[in-house]
file work.cif (mmCIF, C-alpha atoms)
data_start
#
loop_
_atom_site.label_atom_id
_atom_site.label_comp_id
_atom_site.auth_asym_id
_atom_site.auth_seq_id
_atom_site.Cartn_x
_atom_site.Cartn_y
_atom_site.Cartn_z
CA MET L 456 -25.25 -10.20 -89.01
CA SER L 457 -23.41 -12.30 -91.58
CA LEU L 458 -24.51 -15.86 -92.27
CA ARG L 459 -22.53 -18.31 -90.14
CA ARG L 460 -21.91 -21.74 -91.60
CA PRO L 461 -20.27 -24.83 -90.05
CA ALA L 462 -16.90 -25.96 -91.40
CA LYS L 463 -16.90 -28.26 -94.42
CA ASP L 464 -14.53 -30.75 -92.81
CA GLN L 465 -16.21 -32.31 -89.81
CA PRO L 466 -15.21 -35.07 -87.38
CA GLU L 467 -17.55 -38.06 -87.42
CA THR L 468 -17.90 -38.39 -83.66
CA PHE L 469 -17.73 -36.38 -80.45
CA LYS L 470 -18.15 -37.22 -76.78
CA PHE L 471 -17.42 -35.40 -73.56
CA SER L 472 -14.19 -36.25 -71.81
CA SER L 473 -14.49 -37.35 -68.18
CA SER L 474 -13.76 -33.83 -66.91
CA SER L 475 -16.20 -32.24 -69.39
CA MET L 476 -18.85 -34.79 -68.42
CA GLU L 477 -18.40 -33.99 -64.73
CA GLU L 478 -18.72 -30.26 -65.43
CA ALA L 479 -21.77 -30.76 -67.67
CA ASN L 480 -23.56 -32.88 -65.07
CA LYS L 481 -22.97 -30.23 -62.40
CA ILE L 482 -24.49 -27.57 -64.64
CA VAL L 483 -27.55 -29.65 -65.58
CA LEU L 484 -28.27 -30.32 -61.87
CA LYS L 485 -28.76 -26.58 -61.34
CA TYR L 486 -31.96 -26.65 -63.40
CA PRO L 487 -35.37 -28.00 -62.30
CA LYS L 488 -36.48 -31.37 -63.62
CA GLY L 489 -37.72 -31.04 -67.18
CA LYS L 490 -35.84 -27.75 -67.72
CA GLN L 491 -32.40 -29.23 -68.47
CA GLN L 492 -32.52 -27.84 -72.02
CA SER L 493 -31.75 -24.46 -70.48
CA ALA L 494 -28.17 -25.69 -70.01
CA VAL L 495 -27.57 -25.83 -73.76
CA MET L 496 -25.40 -22.69 -73.96
CA ALA L 497 -23.17 -23.78 -71.10
CA LEU L 498 -22.74 -27.26 -72.60
CA LEU L 499 -21.89 -25.84 -76.01
CA TYR L 500 -19.16 -23.79 -74.35
CA ILE L 501 -17.81 -26.90 -72.60
CA ALA L 502 -17.74 -28.74 -75.93
CA GLN L 503 -15.98 -25.83 -77.61
CA LYS L 504 -13.36 -25.63 -74.89
CA GLN L 505 -12.70 -29.37 -75.13
CA ASN L 506 -12.50 -29.34 -78.92
CA ASP L 507 -9.69 -26.80 -79.50
CA ASN L 508 -12.03 -23.81 -79.34
CA TRP L 509 -14.60 -24.79 -81.97
CA ILE L 510 -17.86 -26.77 -82.09
CA PRO L 511 -18.35 -29.50 -84.72
CA LEU L 512 -21.78 -30.72 -85.79
CA ALA L 513 -21.14 -34.01 -83.99
CA ALA L 514 -20.87 -32.09 -80.71
CA MET L 515 -24.22 -30.37 -81.35
CA LYS L 516 -25.86 -33.75 -81.97
CA TYR L 517 -24.20 -35.17 -78.85
CA ILE L 518 -25.48 -32.29 -76.72
CA ALA L 519 -28.97 -32.65 -78.20
CA LYS L 520 -29.08 -36.27 -77.03
CA PHE L 521 -27.49 -35.37 -73.70
CA LEU L 522 -30.22 -32.80 -73.00
CA ASP L 523 -33.02 -34.75 -74.68
CA MET L 524 -33.85 -31.91 -77.08
CA PRO L 525 -34.17 -31.61 -80.88
CA TYR L 526 -30.84 -31.29 -82.67
CA ILE L 527 -32.13 -28.32 -84.69
CA LYS L 528 -32.60 -26.31 -81.48
CA VAL L 529 -28.98 -26.85 -80.48
CA TYR L 530 -27.90 -25.96 -84.01
CA GLU L 531 -29.93 -22.73 -83.88
CA VAL L 532 -28.23 -21.64 -80.67
CA ALA L 533 -24.73 -22.52 -81.88
CA THR L 534 -25.15 -20.71 -85.20
CA PHE L 535 -26.81 -17.61 -83.72
CA TYR L 536 -24.30 -16.61 -81.04
CA THR L 537 -20.90 -15.45 -82.27
CA MET L 538 -19.27 -16.68 -79.05
CA TYR L 539 -19.40 -20.16 -80.59
CA ASN L 540 -16.87 -20.96 -83.30
CA LEU L 541 -18.22 -23.19 -86.06
CA SER L 542 -14.85 -23.95 -87.66
CA PRO L 543 -11.28 -24.47 -86.39
CA VAL L 544 -9.63 -21.34 -85.03
CA GLY L 545 -6.25 -22.66 -83.93
CA LYS L 546 -4.63 -23.01 -80.55
CA TYR L 547 -4.56 -19.22 -80.21
CA PHE L 548 -7.80 -17.47 -81.23
CA VAL L 549 -7.37 -13.69 -81.51
CA GLN L 550 -10.43 -11.44 -81.33
CA VAL L 551 -9.81 -7.76 -82.02
CA CYS L 552 -12.37 -5.24 -80.80
CA THR L 553 -13.04 -2.60 -83.48
CA THR L 554 -16.06 -0.91 -81.89
CA THR L 555 -15.96 2.89 -81.48
CA PRO L 556 -13.80 3.36 -78.31
CA CYS L 557 -11.15 0.93 -79.57
CA MET L 558 -11.38 2.30 -83.11
CA ILE L 559 -10.79 5.86 -81.88
CA ARG L 560 -7.72 4.73 -79.94
CA GLY L 561 -6.06 2.78 -82.74
CA ALA L 562 -7.73 -0.59 -83.24
CA ASN L 563 -6.89 -0.34 -86.95
CA LYS L 564 -3.22 -0.76 -86.00
CA ILE L 565 -4.05 -3.94 -84.11
CA VAL L 566 -5.80 -5.24 -87.22
CA GLU L 567 -2.72 -4.34 -89.27
CA ALA L 568 -0.58 -6.40 -86.89
CA CYS L 569 -2.96 -9.36 -87.30
CA LYS L 570 -2.71 -9.16 -91.07
CA GLU L 571 1.08 -8.94 -90.97
CA LYS L 572 1.74 -11.70 -88.40
CA ILE L 573 -1.19 -14.10 -88.82
CA SER L 574 -3.12 -13.77 -92.10
CA ASP L 575 -4.41 -11.17 -94.56
CA LYS L 576 -7.88 -12.62 -94.09
CA GLU L 577 -10.03 -13.08 -91.01
CA ASN L 578 -10.80 -16.62 -89.85
CA GLU L 579 -7.94 -18.06 -91.89
CA LEU L 580 -5.65 -20.45 -90.07
CA LEU L 581 -1.90 -20.15 -90.25
CA ASN L 582 -0.19 -22.98 -92.15
CA ASP L 583 0.62 -24.75 -88.87
CA LYS L 584 -3.00 -24.25 -87.73
CA ASN L 585 -1.69 -22.54 -84.62
CA CYS L 586 -3.51 -19.21 -84.82
CA SER L 587 -6.33 -17.25 -86.46
CA TRP L 588 -7.95 -13.86 -85.90
CA MET L 589 -11.19 -11.96 -86.43
CA GLU L 590 -12.75 -8.56 -85.74
CA VAL L 591 -15.50 -8.52 -83.10
CA GLU L 592 -17.88 -6.09 -81.47
CA CYS L 593 -17.36 -4.62 -78.00
CA LEU L 594 -15.60 -6.90 -75.52
CA GLY L 595 -16.40 -4.62 -72.57
CA ALA L 596 -12.93 -3.21 -71.85
CA CYS L 597 -13.49 0.21 -73.40
CA VAL L 598 -11.55 2.15 -70.76
CA ASN L 599 -8.41 0.16 -71.67
CA ALA L 600 -8.80 0.56 -75.42
CA PRO L 601 -7.52 -0.57 -77.82
CA MET L 602 -7.61 -4.20 -76.78
CA MET L 603 -7.93 -7.76 -78.01
CA GLN L 604 -8.83 -11.14 -76.55
CA ILE L 605 -6.68 -14.24 -77.06
CA ASN L 606 -8.58 -17.35 -75.96
CA ASP L 607 -9.83 -16.40 -72.47
CA ASP L 608 -7.39 -13.55 -71.75
CA TYR L 609 -7.61 -9.79 -72.39
CA TYR L 610 -4.66 -7.76 -73.68
CA GLU L 611 -5.26 -4.05 -73.20
CA ASP L 612 -3.77 -0.59 -73.80
CA LEU L 613 -2.11 -1.85 -76.97
CA ASP L 614 -0.31 -0.32 -79.91
CA LYS L 615 0.95 -2.04 -83.04
CA GLU L 616 4.45 -2.72 -81.69
CA LYS L 617 3.22 -4.28 -78.45
CA THR L 618 0.68 -6.36 -80.37
CA ILE L 619 3.42 -7.72 -82.65
CA GLU L 620 5.49 -8.61 -79.57
CA ILE L 621 2.52 -10.57 -78.20
CA PHE L 622 2.06 -12.38 -81.52
CA ASP L 623 5.75 -13.23 -81.71
CA LYS L 624 5.44 -14.95 -78.34
CA ILE L 625 2.31 -16.95 -79.10
CA LEU L 626 3.69 -18.03 -82.47
CA LYS L 627 6.63 -19.50 -80.55
CA GLY L 628 4.21 -21.35 -78.28
CA GLU L 629 4.75 -18.98 -75.36
CA ASP L 630 2.00 -17.46 -73.21
CA PRO L 631 2.33 -13.66 -72.99
CA LYS L 632 1.14 -11.93 -69.84
CA PRO L 633 -2.44 -10.62 -70.15
CA GLY L 634 -3.60 -7.23 -68.89
CA SER L 635 -2.54 -3.65 -69.57
CA TYR L 636 0.49 -3.02 -71.76
CA ARG L 637 0.94 0.50 -70.42
CA GLY L 638 1.54 -0.65 -66.86
CA ARG L 639 -1.89 0.12 -65.48
CA LEU L 640 -3.48 -1.99 -62.74
CA ASN L 641 -6.96 -3.01 -63.90
CA THR L 642 -8.66 0.23 -65.03
CA GLU L 643 -6.89 2.71 -62.76
CA PRO L 644 -5.94 6.11 -64.18
CA GLU L 645 -2.60 6.27 -65.92
CA LYS L 646 0.24 7.54 -63.71
CA ASN L 647 -1.80 6.62 -60.62
CA ARG L 648 -4.75 8.32 -58.93
CA LYS L 649 -5.00 12.11 -58.94
CA THR L 650 -8.45 12.60 -57.36
CA LEU L 651 -10.17 11.82 -54.03
CA MET L 652 -6.80 11.17 -52.40
CA ASP L 653 -8.00 12.85 -49.19
CA VAL L 654 -11.21 10.79 -48.98
CA LYS L 655 -10.94 7.68 -46.82
CA ASN L 656 -12.00 4.43 -48.54
CA ALA L 657 -12.66 6.24 -51.87
#

call {"tool": "encode", "arguments": {"input": "work.cif", "output": "C-alpha cells"}}
result
Amino acid sequence: MSLRRPAKDQPETFKFSSSSMEEANKIVLKYPKGKQQSAVMALLYIAQKQNDNWIPLAAMKYIAKFLDMPYIKVYEVATFYTMYNLSPVGKYFVQVCTTTPCMIRGANKIVEACKEKISDKENELLNDKNCSWMEVECLGACVNAPMMQINDDYYEDLDKEKTIEIFDKILKGEDPKPGSYRGRLNTEPEKNRKTLMDVKNA
C-alpha cells in the first residue's frame, strides 16, 4: 500500500452542519455508553460527504473531540482506509476498477478515457477543480465489468466510447444515468434469461 498523506493546503476549521450533526448523533446513539469511539468510521464518512468528498485535518480533530478520543486514533483510521480521501477530489470523483475481471474486459480503455478527458495523472484535479480520477481495487461489480464509480454511483458494462460520453456529461455539470451501459438490468444475462425458464420462481 502506498503512503497516504494529507493535502498541503488545509482549511483552519471544520464543524458539522446541522444535517450532518443530526446524522452523527443518530449513529453514536447506536453504540453502548463508553463505546462511542466505534462510530469513528461512520463520522469520517459524514465529514467527507459534507466537505466535497475529502477529509481535512480539521475534520479529524473535530471528530476526535466529538467522540472524546485521541486525535491520532482518528488520523490512523483516516489514513489507513482508501475509502477516505485526504485531499480534494473535485465535485465528480472517478474511481476506475482495474482488478483482474475488469482488466480482462478492457479497464485499460477506461483509464485511457480518464487520461484523455480528465488528466494524465491520477489524483490531479482539472483546472476548474470539477473532477479527478484514480485506479482502485475491486469495487464488487465484477459480473458487469469493466466498470467505474463516480461519487456514489456505479457505471457498468463500459467501453472507451461510452466512458467518454459519461465524462462529457459530467464535465458539463450534468448527471449521467448510472447502471449498465449495455442495457442490462442489474446483473441479468445479456439478451435476457436463457435458462430455468420453465422453473417457477427461479

call {"tool": "closest_residue", "arguments": {"input": "work.cif", "among": "L:Asp507, L:Glu571, L:Asp630, L:Glu477", "to": "L:Lys546", "atoms": "only C-alpha atoms"}}
result
L:Asp507

call {"tool": "residues_near_point", "arguments": {"input": "work.cif", "point": "(-9.4, -2.3, -73.4)", "cutoff": "9 Å", "atoms": "all atoms listed in the file", "output": "compact mmCIF listing (two decimals) with C-alpha atoms, in the frame of the given file"}}
result
# COMPACT_ATOMS: atom_id res chain seq x y z
CA CYS L 552 -12.37 -5.24 -80.80
CA PRO L 556 -13.80 3.36 -78.31
CA CYS L 557 -11.15 0.93 -79.57
CA LEU L 594 -15.60 -6.90 -75.52
CA GLY L 595 -16.40 -4.62 -72.57
CA ALA L 596 -12.93 -3.21 -71.85
CA CYS L 597 -13.49 0.21 -73.40
CA VAL L 598 -11.55 2.15 -70.76
CA ASN L 599 -8.41 0.16 -71.67
CA ALA L 600 -8.80 0.56 -75.42
CA PRO L 601 -7.52 -0.57 -77.82
CA MET L 602 -7.61 -4.20 -76.78
CA MET L 603 -7.93 -7.76 -78.01
CA TYR L 609 -7.61 -9.79 -72.39
CA TYR L 610 -4.66 -7.76 -73.68
CA GLU L 611 -5.26 -4.05 -73.20
CA ASP L 612 -3.77 -0.59 -73.80
CA LEU L 613 -2.11 -1.85 -76.97
CA GLY L 634 -3.60 -7.23 -68.89
CA SER L 635 -2.54 -3.65 -69.57
CA THR L 642 -8.66 0.23 -65.03

call {"tool": "closest_residue", "arguments": {"input": "work.cif", "among": "L:Cys593, L:Pro461, L:Cys569, L:Pro525", "to": "L:Thr555", "atoms": "only C-alpha atoms"}}
result
L:Cys593

call {"tool": "resolve_selection", "arguments": {"input": "work.cif", "expression": "the PyMOL selection byres ((chain L and resi 509-522) around 7)", "output": "ChimeraX atom specification"}}
result
/L:465-470,491-492,502-503,506-508,523-526,529-530,539-544

call {"tool": "resolve_selection", "arguments": {"input": "work.cif", "expression": "the PyMOL selection byres ((chain L and resi 494-496) around 9)", "output": "ChimeraX atom specification"}}
result
/L:479,482-483,485-486,490-493,497-501,518-519,522,529,532-533

call {"tool": "closest_atom_pairs", "arguments": {"input": "work.cif", "of": "stretch 498-552 of chain L", "to": "stretch 621-629 of chain L", "cutoff": "12 Å", "atoms": "only C-alpha atoms", "output": "Markdown table"}}
result
| residue | atom | partner | partner_atom | distance |
| --- | --- | --- | --- | --- |
| L:Gly545 | CA | L:Leu626 | CA | 11.1 |
| L:Lys546 | CA | L:Gly628 | CA | 9.3 |
| L:Tyr547 | CA | L:Ile625 | CA | 7.3 |
| L:Phe548 | CA | L:Ile625 | CA | 10.3 |
| L:Val549 | CA | L:Phe622 | CA | 9.5 |

call {"tool": "residues_around", "arguments": {"input": "work.cif", "residues": "L:Lys564", "least_positions_apart": "6", "cutoff": "10 Å", "atoms": "all atoms listed in the file", "output": "list in words"}}
result
Met558, Lys570, Pro601, Leu613, Asp614, Lys615, Glu616 and Thr618 of chain L

call {"tool": "atom_distance", "arguments": {"input": "work.cif", "atom1": "atom CA of L:Ser473", "atom2": "atom CA of L:Lys488"}}
result
23.2 Å

call {"tool": "atom_distance", "arguments": {"input": "work.cif", "atom1": "atom CA of L:Arg459", "atom2": "atom CA of L:Lys528"}}
result
15.5 Å

call {"tool": "closest_residue", "arguments": {"input": "work.cif", "among": "L:Glu620, L:Asp583, L:Glu531, L:Glu478", "to": "L:Arg460", "atoms": "only C-alpha atoms"}}
result
L:Glu531

call {"tool": "atom_distance", "arguments": {"input": "work.cif", "atom1": "atom CA of L:Gly489", "atom2": "atom CA of L:Ile527"}}
result
18.6 Å

call {"tool": "axis_aligned_box", "arguments": {"input": "work.cif", "around": "stretch 506-515 of chain L", "padding_each_side": "5 Å", "output": "JSON"}}
result
{"center_x": -17.0, "center_y": -28.9, "center_z": -82.4, "size_x": 24.5, "size_y": 20.2, "size_z": 16.9}

call {"tool": "decode", "arguments": {"input": "work.cif", "residues": "stretch 518-538 of chain L", "atoms": "C-alpha atoms", "output": "compact mmCIF listing (two decimals), in the first residue's frame"}}
result
# COMPACT_ATOMS: atom_id res chain seq x y z
CA ILE L 518 -14.36 14.18 15.22
CA ALA L 519 -11.77 13.30 17.88
CA LYS L 520 -13.32 15.86 20.22
CA PHE L 521 -16.84 14.81 19.24
CA LEU L 522 -16.10 11.19 20.19
CA ASP L 523 -13.80 12.01 23.10
CA MET L 524 -10.89 10.04 21.64
CA PRO L 525 -7.24 10.85 20.82
CA TYR L 526 -6.78 12.72 17.56
CA ILE L 527 -4.02 10.31 16.49
CA LYS L 528 -6.51 7.41 16.52
CA VAL L 529 -8.85 9.25 14.15
CA TYR L 530 -5.87 10.14 11.96
CA GLU L 531 -4.78 6.49 11.85
CA VAL L 532 -8.20 5.37 10.65
CA ALA L 533 -8.50 8.12 8.03
CA THR L 534 -5.05 7.49 6.59
CA PHE L 535 -5.35 3.69 6.57
CA TYR L 536 -8.59 3.20 4.64
CA THR L 537 -8.55 4.23 0.99
CA MET L 538 -12.29 4.99 1.12
